[in-house]
Amino acid sequence: MATPPPVTSPRRSLWYAVLVGAGVMAGIDEILFHQILQWHHFFDHATPAVGILSDGLLHAAELLAIVAGFFLLTDLARRRQLAVSWAWAGVFLGMGGFQLFDGIVNHKLLRIHQIRYGVDLLVYDLTWNLSALVLLGVGIWLYRRASRLERK
Amino acid sequence: MHEPNGTTADISLLAVLPLILLLFITLAYLSAAYRQRPATGGWSGWRTGFFIAGSLLLGVAFAPPIMAWAHHDLRLHVVQHLLIGMLAPLAWVLSAPVTLLLRTLPPRTSRHVVMVLRSRPVRTISHPLSALLLNIGGMYLLYLTPLYAATLQHPALHHWMHLHFLVAGYLFCWSILAGPDAAPHAPGMRFRLGVLFVSMATHAILGKLMYGYLWPRGTGHDVEEIQAAAQLMYYGGDLAEVLLAIVLFTMWLRTSPSHRSALTPYQPEPPPVTKEDMPTPRSPRHRWSKRLP
């Protein structure tokens with residue numbers, strides 16, 4: 001434990017970056033859709049009680065994920081164990097994964113809030129989840145690139 | 001535009017009392033820090049700066065015009081709450097007042113203080129879970145019951161509420177950071193992070209409940225005002241708790257890598273190592289006894 005070998009740690013780099021990616025995506029949603037566009041409602045009376053509860057838990061997890069992920073990556077970099085290509089893959093997988101989770105579980109299953117009110121939701125939901133799939137696709141491409149680089 | 005309708009007597013005396021106490025405490029800290037100069041390397045300017053910052057935040061929150069205004073406007077009350085219960089306590093915790101107290105007091109008195117700090121009641125109340133309960137539990141009790149309306153009627157209750165914010169906020173910040181004042185019995189980093197997580201979540205849920213169900217009730221505030229206040233509480237709480245998390249991780253990153261408790265088990269080592277690793281470096285007795293002359 002005293003002097004860890006100077007070998008990069010792909011698994012940690014990936015997962016810590018997933019934390020950052022998910023937190024950043026949550027932050028973008030929060031700022032863009034709540035604050036700037038004001039499409040989302042702060043509180044939706046159609047939300048079931050379990051939705052309010054899980055919304056609070058998720059909100060705290062997002063905030064902590066971004067802070068913890070950032071510091072864990074810093075720690076990794078200081079130990080010279082940061083694998084940058086894996087970290088980038090992690091950021092995009094985290095962003096896409098969160099976006100998809102938000103679109104399917106939060107909006108549809110838990111019904112915490114909808115993307116926009118007073119419009120036909122189908123187009124919005126499709127766009128939302130497709131954008132998630134694009135981000136995930138970029139993440140998967142980066143992941144495969146990182147593992148190809150690793151093998152060289 | 002908001003004319004306070006309380007009697008002038010309690011505005012003049014009771015309203016200035018917190019400011020007088022604050023001034024007294026700040027002067028005590030500053031003179032103690034000043035007296036550290038000839039001794040071992042003096043007292044850190046950063047810590048003094050943090051204490052002054054905390055006092056200034058409290059000074060703003062307790063200023064009679066702000067107090068009178070917050071009495072009538074829930075939004076300002078939330079801002080005041082944020083200053084008294086979250087930001088000022090964080091700054092004060094970072095100023096290490098207990099360490100300064102122990103260095104300043106005569107050795108015998110100092111030893112008594114350490115004994116009190118190590119006693120079971122103090123240990124219990126400064127545990128992250130009880131601090132969380134005092135802090136967030138107190139908020140649920142205050143805002144989701146008629147208690148808040150009652151504090152507007154009774155000045156003594158009103159002051160008690162502010163004192164509770166300050167003490168509970170201080171205990172919470174200290175129990176989560178477990179420093180810079182020695183916190184010998186504090187649980188490990190992962191546990192404290194978990195408590196911080198619960199605190200953030202319950203804070204967010206309270207903000208939403210207040211917004212959706214228009215609490216606190218019976219205060220005569222209109223819907224827009226309550227909803228604006230609830231949103232302020234939600235985002236203000238985020239700000240304060242993210243700040244606390246950043247300070248916690250910064251302190252974690254500043255400890256040497258070999259002493260730093262790994263948040264996720266390290267590959268070469270089997271997981272149990274991290275668990276053993278945690279309590280030993282901050283074994284209580286050493287840190288406090290070292291401070292005593």
# chains A, B, ... in the order shown; residues from 1 in each chain; ligands from 1

call {"tool": "residues_around", "arguments": {"residues": "Gly94 (chain A)", "least_positions_apart": "2", "cutoff": "10 Å", "atoms": "only C-alpha atoms", "output": "PyMOL selection string"}}
result
chain A and resi 14-25+88-92+96-100+135-136+139

call {"tool": "write_last_selection", "arguments": {"atoms": "C-alpha atoms", "output": "short mmCIF file (atom, residue, chain, number, x, y, z; two decimals), in the first residue's frame"}}
result
data_model
loop_
_atom_site.label_atom_id
_atom_site.label_comp_id
_atom_site.auth_asym_id
_atom_site.auth_seq_id
_atom_site.Cartn_x
_atom_site.Cartn_y
_atom_site.Cartn_z
CA LEU A 14 -13.55 4.07 -16.06
CA TRP A 15 -15.84 3.91 -13.04
CA TYR A 16 -14.80 7.17 -11.42
CA ALA A 17 -15.35 8.87 -14.78
CA VAL A 18 -18.80 7.24 -15.01
CA LEU A 19 -19.62 9.04 -11.73
CA VAL A 20 -18.49 12.35 -13.18
CA GLY A 21 -20.34 11.77 -16.46
CA ALA A 22 -23.63 10.91 -14.78
CA GLY A 23 -23.30 13.90 -12.44
CA VAL A 24 -22.49 16.27 -15.32
CA MET A 25 -25.47 15.06 -17.35
CA TRP A 88 -13.19 9.41 -21.49
CA ALA A 89 -15.12 6.25 -22.23
CA GLY A 90 -16.44 6.39 -18.68
CA VAL A 91 -17.57 10.01 -19.00
CA PHE A 92 -19.69 9.26 -22.08
CA GLY A 96 -25.61 8.34 -21.79
CA GLY A 97 -26.49 5.89 -19.04
CA PHE A 98 -27.88 8.64 -16.86
CA GLN A 99 -29.84 10.22 -19.69
CA LEU A 100 -31.44 6.88 -20.57
CA LEU A 135 -24.10 9.32 -26.00
CA LEU A 136 -24.00 5.65 -25.03
CA GLY A 139 -19.15 5.75 -24.92
#

call {"tool": "interface_residues", "arguments": {"of": "chain B", "to": "chain A", "cutoff": "8 Å", "atoms": "only C-alpha atoms", "output": "ChimeraX atom specification"}}
result
/B:197-198,200-205,208,211-212,238,242,245-246,249-250,253,257-258,268-269

call {"tool": "residues_around", "arguments": {"residues": "Arg111 (chain A)", "least_positions_apart": "6", "cutoff": "8 Å", "atoms": "only C-alpha atoms", "output": "PyMOL selection string"}}
result
chain A and resi 46-48+51+105

call {"tool": "residues_around", "arguments": {"residues": "Phe62 (chain B)", "least_positions_apart": "2", "cutoff": "12 Å", "atoms": "only C-alpha atoms", "output": "PyMOL selection string"}}
result
chain B and resi 14-23+55-60+64-71+76-77+79-81+83-84+88+158-159+162-163+166

call {"tool": "write_last_selection", "arguments": {"atoms": "N, CA and C atoms", "output": "compact mmCIF listing (two decimals), in the first residue's frame"}}
result
# COMPACT_ATOMS: atom_id res chain seq x y z
N LEU B 14 -33.81 42.23 23.00
CA LEU B 14 -33.64 40.85 22.57
C LEU B 14 -33.01 40.75 21.18
N ALA B 15 -33.30 41.75 20.35
CA ALA B 15 -32.81 41.68 18.98
C ALA B 15 -31.32 41.92 18.90
N VAL B 16 -30.78 42.69 19.84
CA VAL B 16 -29.35 43.01 19.77
C VAL B 16 -28.52 41.98 20.52
N LEU B 17 -29.20 41.20 21.37
CA LEU B 17 -28.49 40.23 22.21
C LEU B 17 -27.60 39.28 21.41
N PRO B 18 -28.09 38.66 20.32
CA PRO B 18 -27.22 37.75 19.56
C PRO B 18 -25.98 38.45 19.02
N LEU B 19 -26.15 39.71 18.60
CA LEU B 19 -25.01 40.46 18.05
C LEU B 19 -23.97 40.72 19.13
N ILE B 20 -24.44 41.04 20.34
CA ILE B 20 -23.50 41.30 21.44
C ILE B 20 -22.72 40.02 21.76
N LEU B 21 -23.45 38.89 21.85
CA LEU B 21 -22.79 37.61 22.12
C LEU B 21 -21.78 37.28 21.03
N LEU B 22 -22.18 37.53 19.81
CA LEU B 22 -21.31 37.24 18.66
C LEU B 22 -20.03 38.05 18.74
N LEU B 23 -20.17 39.32 19.05
CA LEU B 23 -19.01 40.20 19.16
C LEU B 23 -18.08 39.70 20.25
N SER B 55 -18.15 34.71 11.54
CA SER B 55 -18.76 35.74 12.36
C SER B 55 -19.47 36.79 11.51
N LEU B 56 -18.84 37.14 10.39
CA LEU B 56 -19.46 38.14 9.51
C LEU B 56 -20.79 37.62 8.96
N LEU B 57 -20.80 36.34 8.54
CA LEU B 57 -22.04 35.75 8.02
C LEU B 57 -23.13 35.79 9.09
N LEU B 58 -22.72 35.44 10.32
CA LEU B 58 -23.70 35.48 11.41
C LEU B 58 -24.13 36.91 11.71
N GLY B 59 -23.17 37.82 11.62
CA GLY B 59 -23.49 39.22 11.87
C GLY B 59 -24.55 39.73 10.90
N VAL B 60 -24.42 39.33 9.65
CA VAL B 60 -25.43 39.72 8.65
C VAL B 60 -26.77 39.09 9.01
N PRO B 64 -30.45 43.42 13.10
CA PRO B 64 -31.87 43.67 13.38
C PRO B 64 -32.75 43.93 12.16
N PRO B 65 -32.29 44.71 11.15
CA PRO B 65 -33.20 44.91 9.99
C PRO B 65 -33.50 43.60 9.27
N ILE B 66 -32.45 42.75 9.13
CA ILE B 66 -32.63 41.46 8.45
C ILE B 66 -33.58 40.59 9.27
N MET B 67 -33.36 40.58 10.59
CA MET B 67 -34.21 39.79 11.48
C MET B 67 -35.67 40.19 11.33
N ALA B 68 -35.90 41.52 11.35
CA ALA B 68 -37.28 42.00 11.28
C ALA B 68 -37.91 41.63 9.95
N TRP B 69 -37.09 41.73 8.90
CA TRP B 69 -37.60 41.46 7.57
C TRP B 69 -37.90 39.96 7.42
N ALA B 70 -36.94 39.13 7.91
CA ALA B 70 -37.10 37.67 7.79
C ALA B 70 -38.34 37.20 8.54
N HIS B 71 -38.73 37.99 9.55
CA HIS B 71 -39.92 37.68 10.32
C HIS B 71 -41.16 37.67 9.42
N LEU B 76 -36.56 35.39 2.92
CA LEU B 76 -35.42 35.91 3.65
C LEU B 76 -35.11 35.03 4.86
N HIS B 77 -36.16 34.44 5.44
CA HIS B 77 -35.94 33.51 6.54
C HIS B 77 -35.07 32.34 6.08
N VAL B 79 -32.88 32.29 3.61
CA VAL B 79 -31.51 32.76 3.43
C VAL B 79 -30.81 32.87 4.78
N GLN B 80 -31.54 33.42 5.75
CA GLN B 80 -31.01 33.57 7.10
C GLN B 80 -30.65 32.20 7.68
N HIS B 81 -31.55 31.25 7.48
CA HIS B 81 -31.35 29.88 7.94
C HIS B 81 -30.09 29.28 7.31
N LEU B 83 -27.48 30.88 6.23
CA LEU B 83 -26.30 31.51 6.81
C LEU B 83 -26.02 30.97 8.20
N ILE B 84 -27.07 30.92 9.05
CA ILE B 84 -26.86 30.54 10.45
C ILE B 84 -26.60 29.04 10.58
N ALA B 88 -22.16 29.63 8.04
CA ALA B 88 -21.37 30.12 9.17
C ALA B 88 -20.78 28.96 9.99
N HIS B 158 -38.21 32.08 19.03
CA HIS B 158 -37.54 32.51 17.81
C HIS B 158 -36.02 32.47 17.97
N HIS B 159 -35.53 32.99 19.11
CA HIS B 159 -34.10 32.95 19.37
C HIS B 159 -33.61 31.53 19.56
N HIS B 162 -32.94 29.93 16.28
CA HIS B 162 -31.67 30.32 15.66
C HIS B 162 -30.49 29.66 16.34
N LEU B 163 -30.57 29.57 17.66
CA LEU B 163 -29.49 28.90 18.40
C LEU B 163 -29.41 27.44 17.98
N LEU B 166 -27.70 27.04 14.66
CA LEU B 166 -26.25 27.24 14.75
C LEU B 166 -25.57 26.02 15.36

call {"tool": "residues_around", "arguments": {"residues": "Ile226 (chain B)", "least_positions_apart": "5", "cutoff": "9 Å", "atoms": "only C-alpha atoms", "output": "list in words"}}
result
Leu74, Arg75, Met210, Tyr211, Leu214, Trp215, Pro216, His221 and Gln231 of chain B

call {"tool": "residues_around", "arguments": {"residues": "region 125-135 of chain B", "least_positions_apart": "5", "cutoff": "9 Å", "atoms": "only C-alpha atoms", "output": "list in words"}}
result
Gly85, Arg120, His164, Phe165, Val167, Ala168, Gly169, Tyr170, Leu171, Phe172, Cys173, Trp174, Ser175, Ile176, Ala183, His185, Ala186, Pro187, Phe191, Arg192, Val195, Leu196, Val198 and Ser199 of chain B

call {"tool": "write_last_selection", "arguments": {"atoms": "N, CA and C atoms", "output": "PDB file, in the first residue's frame"}}
result
ATOM      1  N   GLY B  85     -27.313  28.258   9.801  1.00  0.00           N
ATOM      2  CA  GLY B  85     -27.283  26.818  10.033  1.00  0.00           C
ATOM      3  C   GLY B  85     -26.326  26.045   9.154  1.00  0.00           C
ATOM      4  N   ARG B 120     -19.204  10.363  27.295  1.00  0.00           N
ATOM      5  CA  ARG B 120     -20.180   9.660  26.460  1.00  0.00           C
ATOM      6  C   ARG B 120     -21.266  10.578  25.874  1.00  0.00           C
ATOM      7  N   HIS B 164     -30.576  26.831  17.810  1.00  0.00           N
ATOM      8  CA  HIS B 164     -30.606  25.422  17.397  1.00  0.00           C
ATOM      9  C   HIS B 164     -29.984  25.257  16.012  1.00  0.00           C
ATOM     10  N   PHE B 165     -30.318  26.128  15.078  1.00  0.00           N
ATOM     11  CA  PHE B 165     -29.717  26.088  13.740  1.00  0.00           C
ATOM     12  C   PHE B 165     -28.190  26.093  13.843  1.00  0.00           C
ATOM     13  N   VAL B 167     -26.094  25.563  16.511  1.00  0.00           N
ATOM     14  CA  VAL B 167     -25.455  24.449  17.217  1.00  0.00           C
ATOM     15  C   VAL B 167     -25.553  23.167  16.402  1.00  0.00           C
ATOM     16  N   ALA B 168     -26.742  22.880  15.890  1.00  0.00           N
ATOM     17  CA  ALA B 168     -26.927  21.650  15.114  1.00  0.00           C
ATOM     18  C   ALA B 168     -26.090  21.697  13.834  1.00  0.00           C
ATOM     19  N   GLY B 169     -26.037  22.859  13.195  1.00  0.00           N
ATOM     20  CA  GLY B 169     -25.237  22.993  11.974  1.00  0.00           C
ATOM     21  C   GLY B 169     -23.761  22.793  12.266  1.00  0.00           C
ATOM     22  N   TYR B 170     -23.310  23.341  13.385  1.00  0.00           N
ATOM     23  CA  TYR B 170     -21.901  23.185  13.751  1.00  0.00           C
ATOM     24  C   TYR B 170     -21.579  21.717  14.017  1.00  0.00           C
ATOM     25  N   LEU B 171     -22.427  21.083  14.837  1.00  0.00           N
ATOM     26  CA  LEU B 171     -22.207  19.666  15.153  1.00  0.00           C
ATOM     27  C   LEU B 171     -22.198  18.825  13.879  1.00  0.00           C
ATOM     28  N   PHE B 172     -23.107  19.136  12.974  1.00  0.00           N
ATOM     29  CA  PHE B 172     -23.193  18.349  11.741  1.00  0.00           C
ATOM     30  C   PHE B 172     -21.923  18.505  10.905  1.00  0.00           C
ATOM     31  N   CYS B 173     -21.511  19.771  10.667  1.00  0.00           N
ATOM     32  CA  CYS B 173     -20.305  19.994   9.858  1.00  0.00           C
ATOM     33  C   CYS B 173     -19.091  19.320  10.497  1.00  0.00           C
ATOM     34  N   TRP B 174     -18.976  19.462  11.800  1.00  0.00           N
ATOM     35  CA  TRP B 174     -17.814  18.883  12.479  1.00  0.00           C
ATOM     36  C   TRP B 174     -17.843  17.357  12.418  1.00  0.00           C
ATOM     37  N   SER B 175     -19.025  16.778  12.612  1.00  0.00           N
ATOM     38  CA  SER B 175     -19.107  15.323  12.623  1.00  0.00           C
ATOM     39  C   SER B 175     -18.851  14.747  11.236  1.00  0.00           C
ATOM     40  N   ILE B 176     -19.188  15.490  10.185  1.00  0.00           N
ATOM     41  CA  ILE B 176     -18.939  14.998   8.827  1.00  0.00           C
ATOM     42  C   ILE B 176     -17.461  15.161   8.460  1.00  0.00           C
ATOM     43  N   ALA B 183     -11.456  14.781  16.119  1.00  0.00           N
ATOM     44  CA  ALA B 183     -12.731  14.090  16.350  1.00  0.00           C
ATOM     45  C   ALA B 183     -12.410  12.611  16.541  1.00  0.00           C
ATOM     46  N   HIS B 185     -13.544   9.997  17.874  1.00  0.00           N
ATOM     47  CA  HIS B 185     -14.424   8.836  17.758  1.00  0.00           C
ATOM     48  C   HIS B 185     -15.198   8.820  16.453  1.00  0.00           C
ATOM     49  N   ALA B 186     -14.806   9.694  15.545  1.00  0.00           N
ATOM     50  CA  ALA B 186     -15.569   9.785  14.302  1.00  0.00           C
ATOM     51  C   ALA B 186     -15.454   8.492  13.500  1.00  0.00           C
ATOM     52  N   PRO B 187     -16.558   8.044  12.917  1.00  0.00           N
ATOM     53  CA  PRO B 187     -16.504   6.868  12.049  1.00  0.00           C
ATOM     54  C   PRO B 187     -15.742   7.169  10.761  1.00  0.00           C
ATOM     55  N   PHE B 191     -18.570   6.023   5.913  1.00  0.00           N
ATOM     56  CA  PHE B 191     -19.776   6.196   6.730  1.00  0.00           C
ATOM     57  C   PHE B 191     -20.205   7.660   6.728  1.00  0.00           C
ATOM     58  N   ARG B 192     -19.236   8.551   6.889  1.00  0.00           N
ATOM     59  CA  ARG B 192     -19.575   9.978   6.941  1.00  0.00           C
ATOM     60  C   ARG B 192     -20.124  10.459   5.607  1.00  0.00           C
ATOM     61  N   VAL B 195     -23.709   9.468   5.483  1.00  0.00           N
ATOM     62  CA  VAL B 195     -24.582  10.362   6.256  1.00  0.00           C
ATOM     63  C   VAL B 195     -24.805  11.670   5.494  1.00  0.00           C
ATOM     64  N   LEU B 196     -23.749  12.166   4.854  1.00  0.00           N
ATOM     65  CA  LEU B 196     -23.896  13.393   4.068  1.00  0.00           C
ATOM     66  C   LEU B 196     -24.888  13.173   2.926  1.00  0.00           C
ATOM     67  N   VAL B 198     -27.447  11.067   2.925  1.00  0.00           N
ATOM     68  CA  VAL B 198     -28.798  11.063   3.494  1.00  0.00           C
ATOM     69  C   VAL B 198     -29.250  12.488   3.792  1.00  0.00           C
ATOM     70  N   SER B 199     -28.310  13.300   4.289  1.00  0.00           N
ATOM     71  CA  SER B 199     -28.650  14.685   4.604  1.00  0.00           C
ATOM     72  C   SER B 199     -29.065  15.459   3.353  1.00  0.00           C
TER      73      SER B 199
END

call {"tool": "select_by_dssp", "arguments": {"residues": "region 26-225 of chain B", "states": "alpha helix (DSSP H)", "output": "PyMOL selection string"}}
result
chain B and resi 26-35+45-62+64-72+74-82+88-94+97-104+107-118+120-125+128-132+138-143+147-153+155-177+189-213+223-225

call {"tool": "atom_distance", "arguments": {"atom1": "CA of Trp39 (chain A)", "atom2": "CA of Leu121 (chain A)"}}
result
11.9 Å

call {"tool": "atom_distance", "arguments": {"atom1": "CA of His34 (chain A)", "atom2": "CA of Gly137 (chain B)"}}
result
28.2 Å

call {"tool": "atom_distance", "arguments": {"atom1": "CA of Leu82 (chain A)", "atom2": "CA of Leu248 (chain B)"}}
result
21.9 Å

call {"tool": "residues_around", "arguments": {"residues": "Leu30 (chain B)", "least_positions_apart": "2", "cutoff": "12 Å", "atoms": "only C-alpha atoms", "output": "PyMOL selection string"}}
result
chain B and resi 23-28+32-37+43-45+47-52+55+95+97+100-101+104

call {"tool": "decode", "arguments": {"residues": "region 164-236 of chain B", "atoms": "C-alpha atoms", "output": "PDB file, in the first residue's frame"}}
result
ATOM      1  CA  HIS B 164     -30.606  25.422  17.397  1.00  0.00           C
ATOM      2  CA  PHE B 165     -29.717  26.088  13.740  1.00  0.00           C
ATOM      3  CA  LEU B 166     -26.248  27.236  14.749  1.00  0.00           C
ATOM      4  CA  VAL B 167     -25.455  24.449  17.217  1.00  0.00           C
ATOM      5  CA  ALA B 168     -26.927  21.650  15.114  1.00  0.00           C
ATOM      6  CA  GLY B 169     -25.237  22.993  11.974  1.00  0.00           C
ATOM      7  CA  TYR B 170     -21.901  23.185  13.751  1.00  0.00           C
ATOM      8  CA  LEU B 171     -22.207  19.666  15.153  1.00  0.00           C
ATOM      9  CA  PHE B 172     -23.193  18.349  11.741  1.00  0.00           C
ATOM     10  CA  CYS B 173     -20.305  19.994   9.858  1.00  0.00           C
ATOM     11  CA  TRP B 174     -17.814  18.883  12.479  1.00  0.00           C
ATOM     12  CA  SER B 175     -19.107  15.323  12.623  1.00  0.00           C
ATOM     13  CA  ILE B 176     -18.939  14.998   8.827  1.00  0.00           C
ATOM     14  CA  LEU B 177     -15.505  16.575   8.430  1.00  0.00           C
ATOM     15  CA  ALA B 178     -14.066  15.009  11.596  1.00  0.00           C
ATOM     16  CA  GLY B 179     -11.598  17.890  11.648  1.00  0.00           C
ATOM     17  CA  PRO B 180      -9.676  20.138  11.874  1.00  0.00           C
ATOM     18  CA  ASP B 181     -10.552  19.909  15.585  1.00  0.00           C
ATOM     19  CA  ALA B 182      -9.703  16.358  16.580  1.00  0.00           C
ATOM     20  CA  ALA B 183     -12.731  14.090  16.350  1.00  0.00           C
ATOM     21  CA  PRO B 184     -11.341  10.972  17.951  1.00  0.00           C
ATOM     22  CA  HIS B 185     -14.424   8.836  17.758  1.00  0.00           C
ATOM     23  CA  ALA B 186     -15.569   9.785  14.302  1.00  0.00           C
ATOM     24  CA  PRO B 187     -16.504   6.868  12.049  1.00  0.00           C
ATOM     25  CA  GLY B 188     -14.667   6.291   8.775  1.00  0.00           C
ATOM     26  CA  MET B 189     -14.844   8.382   5.631  1.00  0.00           C
ATOM     27  CA  ARG B 190     -17.306   6.096   3.853  1.00  0.00           C
ATOM     28  CA  PHE B 191     -19.776   6.196   6.730  1.00  0.00           C
ATOM     29  CA  ARG B 192     -19.575   9.978   6.941  1.00  0.00           C
ATOM     30  CA  LEU B 193     -20.083  10.272   3.205  1.00  0.00           C
ATOM     31  CA  GLY B 194     -23.152   8.070   3.578  1.00  0.00           C
ATOM     32  CA  VAL B 195     -24.582  10.362   6.256  1.00  0.00           C
ATOM     33  CA  LEU B 196     -23.896  13.393   4.068  1.00  0.00           C
ATOM     34  CA  PHE B 197     -25.757  11.643   1.260  1.00  0.00           C
ATOM     35  CA  VAL B 198     -28.798  11.063   3.494  1.00  0.00           C
ATOM     36  CA  SER B 199     -28.650  14.685   4.604  1.00  0.00           C
ATOM     37  CA  MET B 200     -28.637  15.957   1.017  1.00  0.00           C
ATOM     38  CA  ALA B 201     -31.524  13.697   0.051  1.00  0.00           C
ATOM     39  CA  THR B 202     -33.705  14.577   3.038  1.00  0.00           C
ATOM     40  CA  HIS B 203     -32.965  18.252   2.518  1.00  0.00           C
ATOM     41  CA  ALA B 204     -34.086  18.011  -1.119  1.00  0.00           C
ATOM     42  CA  ILE B 205     -37.221  16.060  -0.164  1.00  0.00           C
ATOM     43  CA  LEU B 206     -38.132  18.671   2.461  1.00  0.00           C
ATOM     44  CA  GLY B 207     -37.781  21.440  -0.119  1.00  0.00           C
ATOM     45  CA  LYS B 208     -40.131  19.607  -2.486  1.00  0.00           C
ATOM     46  CA  LEU B 209     -42.665  18.829   0.253  1.00  0.00           C
ATOM     47  CA  MET B 210     -42.759  22.474   1.303  1.00  0.00           C
ATOM     48  CA  TYR B 211     -43.189  23.535  -2.311  1.00  0.00           C
ATOM     49  CA  GLY B 212     -45.853  20.991  -3.155  1.00  0.00           C
ATOM     50  CA  TYR B 213     -47.899  21.069   0.036  1.00  0.00           C
ATOM     51  CA  LEU B 214     -47.265  24.702   0.987  1.00  0.00           C
ATOM     52  CA  TRP B 215     -45.617  24.304   4.344  1.00  0.00           C
ATOM     53  CA  PRO B 216     -45.096  25.989   6.786  1.00  0.00           C
ATOM     54  CA  ARG B 217     -48.797  26.670   7.182  1.00  0.00           C
ATOM     55  CA  GLY B 218     -50.624  29.163   9.352  1.00  0.00           C
ATOM     56  CA  THR B 219     -48.130  31.949   8.726  1.00  0.00           C
ATOM     57  CA  GLY B 220     -50.121  34.061   6.284  1.00  0.00           C
ATOM     58  CA  HIS B 221     -47.500  33.750   3.530  1.00  0.00           C
ATOM     59  CA  ASP B 222     -48.962  33.501   0.053  1.00  0.00           C
ATOM     60  CA  VAL B 223     -48.407  30.609  -2.322  1.00  0.00           C
ATOM     61  CA  GLU B 224     -45.734  32.256  -4.466  1.00  0.00           C
ATOM     62  CA  GLU B 225     -43.718  33.273  -1.440  1.00  0.00           C
ATOM     63  CA  ILE B 226     -43.737  29.778   0.058  1.00  0.00           C
ATOM     64  CA  GLN B 227     -42.829  28.188  -3.257  1.00  0.00           C
ATOM     65  CA  ALA B 228     -39.995  30.644  -3.853  1.00  0.00           C
ATOM     66  CA  ALA B 229     -38.748  29.989  -0.312  1.00  0.00           C
ATOM     67  CA  ALA B 230     -38.926  26.211  -0.825  1.00  0.00           C
ATOM     68  CA  GLN B 231     -36.900  26.481  -4.027  1.00  0.00           C
ATOM     69  CA  LEU B 232     -34.363  28.665  -2.262  1.00  0.00           C
ATOM     70  CA  MET B 233     -34.100  26.017   0.437  1.00  0.00           C
ATOM     71  CA  TYR B 234     -33.636  23.300  -2.193  1.00  0.00           C
ATOM     72  CA  TYR B 235     -30.894  25.034  -4.170  1.00  0.00           C
ATOM     73  CA  GLY B 236     -29.344  26.790  -1.179  1.00  0.00           C
TER      74      GLY B 236
END
